[in-house]
Amino acid sequence: MYQVTFSAQAMQELNKLDKLAQLDAIDPISHLKPADLAHPREPLGQFRRGQKSLYRLRSGDFRFYFEAQGDILHVDYILHRNSLEDFLLRNKLPVSEQQLVEQHSKFWKYLESLTK
C-alpha cells in the first residue's frame with residue numbers, strides 16, 4: 001500500500017466534492033499496489049514528461065495525474081475528464097502548470113464571449 005499525498009490543485013478539486021464523492025474519487029488510487037505501477041493497464045496509464053514518469057488514473061469523471069516517489073504517490077493534478085487541461089496532459093503537449101491555469105481561464109472567457 002502507498003501513502004497518497006495531494007498538491008494544492010488536487011486538494012482544491014477534491015474539496016469541491018461532498019465527502020462521499022471524495023471517498024469514491026480517491027478509492028482507486030488508495031488501492032494501487034506496486035505491481036499495478038510496474039505493469040499499468042486500464043484505467044491506469046503511464047507516460048513521461050521530460051525527466052518525470054507520470055501516471056494517469058481514471059476515477060469516474062476525474063483523472064488523477066501522479067508520481068510515484070518510493071512508497072508515496074503524489075497526486076499533482078486532479079482534472080475533470082472533459083477539461084482542456086486533461087486534453088493537454090493526455091496528449092502530452094508541452095505545457096507548464098502556469099500555462100494550464102492561463103489557458104483554462106482564457107479558454108473559458110473566450111467561450112463566454114461567444115454567448116454574449
# chains A, B, ... in the order shown; residues from 1 in each chain; ligands from 1

call {"tool": "residues_around", "arguments": {"residues": "Tyr55 in chain A", "least_positions_apart": "6", "cutoff": "6 Å", "atoms": "only C-alpha atoms", "output": "PyMOL selection string"}}
result
chain A and resi 45-46+65-66

call {"tool": "write_last_selection", "arguments": {"atoms": "N, CA, C and O atoms", "output": "short mmCIF file (atom, residue, chain, number, x, y, z; two decimals), in the first residue's frame"}}
result
data_model
loop_
_atom_site.label_atom_id
_atom_site.label_comp_id
_atom_site.auth_asym_id
_atom_site.auth_seq_id
_atom_site.Cartn_x
_atom_site.Cartn_y
_atom_site.Cartn_z
N GLY A 45 -2.55 4.40 -16.61
CA GLY A 45 -1.61 4.56 -17.72
C GLY A 45 -0.36 5.26 -17.24
O GLY A 45 -0.35 5.86 -16.16
N GLN A 46 0.69 5.18 -18.02
CA GLN A 46 1.96 5.81 -17.65
C GLN A 46 2.52 6.53 -18.87
O GLN A 46 2.40 6.06 -20.00
N TYR A 65 -3.44 12.60 -12.03
CA TYR A 65 -2.09 12.57 -12.59
C TYR A 65 -1.13 12.61 -11.42
O TYR A 65 -1.16 13.55 -10.63
N PHE A 66 -0.29 11.57 -11.30
CA PHE A 66 0.54 11.47 -10.11
C PHE A 66 1.90 10.87 -10.42
O PHE A 66 2.13 10.30 -11.48
#

call {"tool": "residues_around", "arguments": {"residues": "Asp27 in chain A", "least_positions_apart": "3", "cutoff": "12 Å", "atoms": "only C-alpha atoms", "output": "ChimeraX atom specification"}}
result
/A:4,20-24,30-32,57-60,64

call {"tool": "write_last_selection", "arguments": {"atoms": "N, CA and C atoms", "output": "PDB file, in the first residue's frame"}}
result
ATOM      1  N   VAL A   4      -0.754   8.335   0.016  1.00  0.00           N
ATOM      2  CA  VAL A   4      -1.138   9.234  -1.066  1.00  0.00           C
ATOM      3  C   VAL A   4      -1.121  10.666  -0.549  1.00  0.00           C
ATOM      4  N   LEU A  20     -18.741  12.036   0.466  1.00  0.00           N
ATOM      5  CA  LEU A  20     -18.935  10.719  -0.125  1.00  0.00           C
ATOM      6  C   LEU A  20     -18.331  10.657  -1.538  1.00  0.00           C
ATOM      7  N   ALA A  21     -18.507  11.708  -2.305  1.00  0.00           N
ATOM      8  CA  ALA A  21     -17.925  11.761  -3.656  1.00  0.00           C
ATOM      9  C   ALA A  21     -16.401  11.787  -3.578  1.00  0.00           C
ATOM     10  N   GLN A  22     -15.850  12.453  -2.559  1.00  0.00           N
ATOM     11  CA  GLN A  22     -14.398  12.459  -2.368  1.00  0.00           C
ATOM     12  C   GLN A  22     -13.895  11.035  -2.138  1.00  0.00           C
ATOM     13  N   LEU A  23     -14.572  10.305  -1.263  1.00  0.00           N
ATOM     14  CA  LEU A  23     -14.166   8.931  -0.961  1.00  0.00           C
ATOM     15  C   LEU A  23     -14.250   8.049  -2.204  1.00  0.00           C
ATOM     16  N   ASP A  24     -15.309   8.215  -2.994  1.00  0.00           N
ATOM     17  CA  ASP A  24     -15.443   7.445  -4.227  1.00  0.00           C
ATOM     18  C   ASP A  24     -14.323   7.788  -5.209  1.00  0.00           C
ATOM     19  N   SER A  30      -6.140   4.821  -3.792  1.00  0.00           N
ATOM     20  CA  SER A  30      -5.752   4.343  -2.469  1.00  0.00           C
ATOM     21  C   SER A  30      -5.544   2.828  -2.440  1.00  0.00           C
ATOM     22  N   HIS A  31      -5.976   2.128  -3.477  1.00  0.00           N
ATOM     23  CA  HIS A  31      -5.821   0.673  -3.528  1.00  0.00           C
ATOM     24  C   HIS A  31      -4.759   0.211  -4.523  1.00  0.00           C
ATOM     25  N   LEU A  32      -3.982   1.137  -5.071  1.00  0.00           N
ATOM     26  CA  LEU A  32      -2.923   0.738  -6.006  1.00  0.00           C
ATOM     27  C   LEU A  32      -1.814  -0.013  -5.285  1.00  0.00           C
ATOM     28  N   LEU A  57      -4.644   7.980 -13.753  1.00  0.00           N
ATOM     29  CA  LEU A  57      -5.626   7.017 -13.269  1.00  0.00           C
ATOM     30  C   LEU A  57      -7.014   7.612 -13.441  1.00  0.00           C
ATOM     31  N   ARG A  58      -7.858   6.906 -14.172  1.00  0.00           N
ATOM     32  CA  ARG A  58      -9.241   7.350 -14.331  1.00  0.00           C
ATOM     33  C   ARG A  58     -10.051   6.904 -13.132  1.00  0.00           C
ATOM     34  N   SER A  59     -10.829   7.834 -12.616  1.00  0.00           N
ATOM     35  CA  SER A  59     -11.713   7.545 -11.494  1.00  0.00           C
ATOM     36  C   SER A  59     -13.012   8.313 -11.723  1.00  0.00           C
ATOM     37  N   GLY A  60     -14.003   7.650 -12.270  1.00  0.00           N
ATOM     38  CA  GLY A  60     -15.270   8.322 -12.576  1.00  0.00           C
ATOM     39  C   GLY A  60     -15.058   9.413 -13.602  1.00  0.00           C
ATOM     40  N   PHE A  64      -6.635  11.408 -12.302  1.00  0.00           N
ATOM     41  CA  PHE A  64      -5.585  11.694 -11.332  1.00  0.00           C
ATOM     42  C   PHE A  64      -4.253  11.563 -12.063  1.00  0.00           C
TER      43      PHE A  64
END

call {"tool": "closest_residue", "arguments": {"among": "A:Lys52, A:His39, A:Arg81, A:Arg63", "to": "Ile26 in chain A", "atoms": "only C-alpha atoms"}}
result
A:Arg63

call {"tool": "residues_around", "arguments": {"residues": "Thr5 in chain A", "least_positions_apart": "6", "cutoff": "8 Å", "atoms": "only C-alpha atoms", "output": "list of chain:residue names"}}
result
A:Ile72, A:Leu73, A:His74, A:Val75

call {"tool": "closest_atom_pairs", "arguments": {"of": "range 33-85 of chain A", "to": "range 12-19 of chain A", "cutoff": "12 Å", "atoms": "only C-alpha atoms", "output": "tab-separated table"}}
result
residue	atom	partner	partner_atom	distance
A:Asp61	CA	A:Leu17	CA	11.9
A:Phe62	CA	A:Glu13	CA	9.6
A:Arg63	CA	A:Glu13	CA	11.0
A:Phe64	CA	A:Glu13	CA	10.6
A:Val75	CA	A:Leu14	CA	11.3
A:Asp76	CA	A:Glu13	CA	11.2
A:Tyr77	CA	A:Glu13	CA	8.6
A:Ile78	CA	A:Glu13	CA	6.4
A:Leu79	CA	A:Glu13	CA	7.7
A:His80	CA	A:Glu13	CA	9.0
